[in-house]
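Step one of this worksheet: look at the structure below.
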Amino acid sequence: MTKHVLDNPAWYALHGPHARFAESVGDAVRYHPDVAPFLTVHPDAGPEVWPDVAALAGPGAVIAVTGDGPAPPPSWEVVEDAGAVQLLDVAVEARPDPEAVVLSAADVPEILDLVARTKPGPYRQRTIELGTYLGIRREGRLIALAGERLHLDGWTEISAVCTDPAFRGQGLATRLVRAVAHGIRARGERPLLHAAATNTNAIRLYESIGFELRRRTAFRVVRVPALVGGATA
């Protein structure tokens, strides 16, 4: 079966538009840890890639391995093995939002606070550098957020979609997704999304505004053995 770039978007992002954030050893590559927690391996990698992963991450590290790579060795602890879905824009009514503001590094403390309270997915101190992040404020307070994460040729992922619980039910997430999608389309690219397979409310929302399921995939968090030699077990 011919592999598609969207089967391993992190690999193609880190070997494309996001190469400046990449750290690699052999056939393993990751984002700088201050930027994003994701590590991935060559699309054709086999079990022999795990020593590269261990050398890149370091003994005892907990890492999020994306893509459909080989299973980790028996000596590696699987911290989380969850299902995820990938959705593509097929009919999103993308448009700017008059209330949305572009966020900057100065807004990171507020972003991290909102993310910690709403848990849309991982967000690090330098995630803001991955692309454009938009927010909505009320009385000066950041209450909703969405932005761009993985960026590969022709595609950009929309991520960190979240709303303060006190302001849910007002359609703010939908408005921000449309606004971020508008910016992506303006570059001649196409938006995509990832969501936990268990997050059925979010999936229904995305499908209702014009995203379509492309594939189901895995999201695996593993711990590198404390002794690096154990990586080859």
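Residue names in the structure tokens use chain letters A, B, ... in the order shown, residue numbers from 1 in each chain, and ligand numbers from 1 in the order shown.
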
DSSP-assigned helix (DSSP H, G or I) among segment 127-171 of chain A, expressed as a PyMOL selection string:
chain A and resi 127-130+165-167

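Distance-wise, atom CA of Ala82 of chain A and atom CA of Phe219 of chain A end up 5.2 Å apart.
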
Distance table requested - segment 113-219 of chain A against segment 57-77 of chain A, cut-off 12 Å, only C-alpha atoms: one row per qualifying residue with the closest atom pair and its distance in Å to one decimal, ordered by chain and rising residue number, as a Markdown table.
```
| residue | atom | partner | partner_atom | distance |
| --- | --- | --- | --- | --- |
| A:Gly121 | CA | A:Ala64 | CA | 11.7 |
| A:Pro122 | CA | A:Ala64 | CA | 10.1 |
| A:Leu150 | CA | A:Thr66 | CA | 11.8 |
| A:His194 | CA | A:Thr66 | CA | 11.5 |
| A:Arg215 | CA | A:Asp68 | CA | 11.7 |
| A:Arg216 | CA | A:Asp68 | CA | 10.5 |
| A:Thr217 | CA | A:Asp68 | CA | 7.3 |
| A:Ala218 | CA | A:Asp68 | CA | 7.1 |
| A:Phe219 | CA | A:Thr66 | CA | 6.0 |
```

Selection near Gly131 of chain A, 10 Å with only C-alpha atoms, sequence-local residues under 5 positions removed, as a ChimeraX atom specification:
/A:18,147-151,156-158,184

Quick one: which segment 116-168 of chain A residues come within 12 Å of segment 101-106 of chain A, and what is the nearest atom pair for each with the distance in Å to one decimal, counting only C-alpha atoms, rows ordered by chain and ascending number, as JSON lines?
```
{"residue": "A:Arg124", "atom": "CA", "partner": "A:Ala105", "partner_atom": "CA", "distance": 11.4}
{"residue": "A:Gln125", "atom": "CA", "partner": "A:Ala105", "partner_atom": "CA", "distance": 8.6}
{"residue": "A:Arg126", "atom": "CA", "partner": "A:Ala105", "partner_atom": "CA", "distance": 7.9}
{"residue": "A:Thr127", "atom": "CA", "partner": "A:Ala105", "partner_atom": "CA", "distance": 9.3}
{"residue": "A:Ile128", "atom": "CA", "partner": "A:Ala105", "partner_atom": "CA", "distance": 6.6}
{"residue": "A:Glu129", "atom": "CA", "partner": "A:Ala105", "partner_atom": "CA", "distance": 8.1}
{"residue": "A:Leu130", "atom": "CA", "partner": "A:Ser104", "partner_atom": "CA", "distance": 11.3}
{"residue": "A:Gly131", "atom": "CA", "partner": "A:Leu103", "partner_atom": "CA", "distance": 10.2}
{"residue": "A:Thr132", "atom": "CA", "partner": "A:Val102", "partner_atom": "CA", "distance": 6.9}
{"residue": "A:Tyr133", "atom": "CA", "partner": "A:Leu103", "partner_atom": "CA", "distance": 5.5}
{"residue": "A:Leu134", "atom": "CA", "partner": "A:Val102", "partner_atom": "CA", "distance": 4.7}
{"residue": "A:Gly135", "atom": "CA", "partner": "A:Val101", "partner_atom": "CA", "distance": 5.4}
{"residue": "A:Ile136", "atom": "CA", "partner": "A:Val101", "partner_atom": "CA", "distance": 6.4}
{"residue": "A:Arg137", "atom": "CA", "partner": "A:Val101", "partner_atom": "CA", "distance": 8.1}
{"residue": "A:Arg138", "atom": "CA", "partner": "A:Val101", "partner_atom": "CA", "distance": 11.5}
{"residue": "A:Gly140", "atom": "CA", "partner": "A:Val101", "partner_atom": "CA", "distance": 11.5}
{"residue": "A:Leu142", "atom": "CA", "partner": "A:Leu103", "partner_atom": "CA", "distance": 9.9}
{"residue": "A:Ile143", "atom": "CA", "partner": "A:Val101", "partner_atom": "CA", "distance": 11.7}
{"residue": "A:Ala144", "atom": "CA", "partner": "A:Val101", "partner_atom": "CA", "distance": 10.5}
{"residue": "A:Leu145", "atom": "CA", "partner": "A:Leu103", "partner_atom": "CA", "distance": 9.1}
{"residue": "A:Ala146", "atom": "CA", "partner": "A:Leu103", "partner_atom": "CA", "distance": 9.9}
{"residue": "A:Gly147", "atom": "CA", "partner": "A:Leu103", "partner_atom": "CA", "distance": 9.3}
{"residue": "A:Glu148", "atom": "CA", "partner": "A:Leu103", "partner_atom": "CA", "distance": 11.6}
```

For segment 3-6 of chain A, find every residue with an atom within 12 Å (counting only C-alpha atoms), except residues of its own chain fewer than 2 positions away, and show them as a ChimeraX atom specification.
/A:1,8-16,42-44,66-68,85-88,150-157,190-194,214-217

Write out as a PyMOL selection string all residues of segment 44-231 of chain A that backbone DSSP assigns to strand (DSSP E or B).
chain A and resi 62-65+77-89+101-102+133-138+141-152+155-163+190-196+211-223

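For the pair atom CA of Val29 of chain A and atom CA of Lys119 of chain A, the interatomic distance is 25.3 Å.
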
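Taking only C-alpha atoms into account, Pro47 of chain A lies nearest to A:Ala28 out of the set A:Glu93, A:His182, A:Gly83, A:Ala28.
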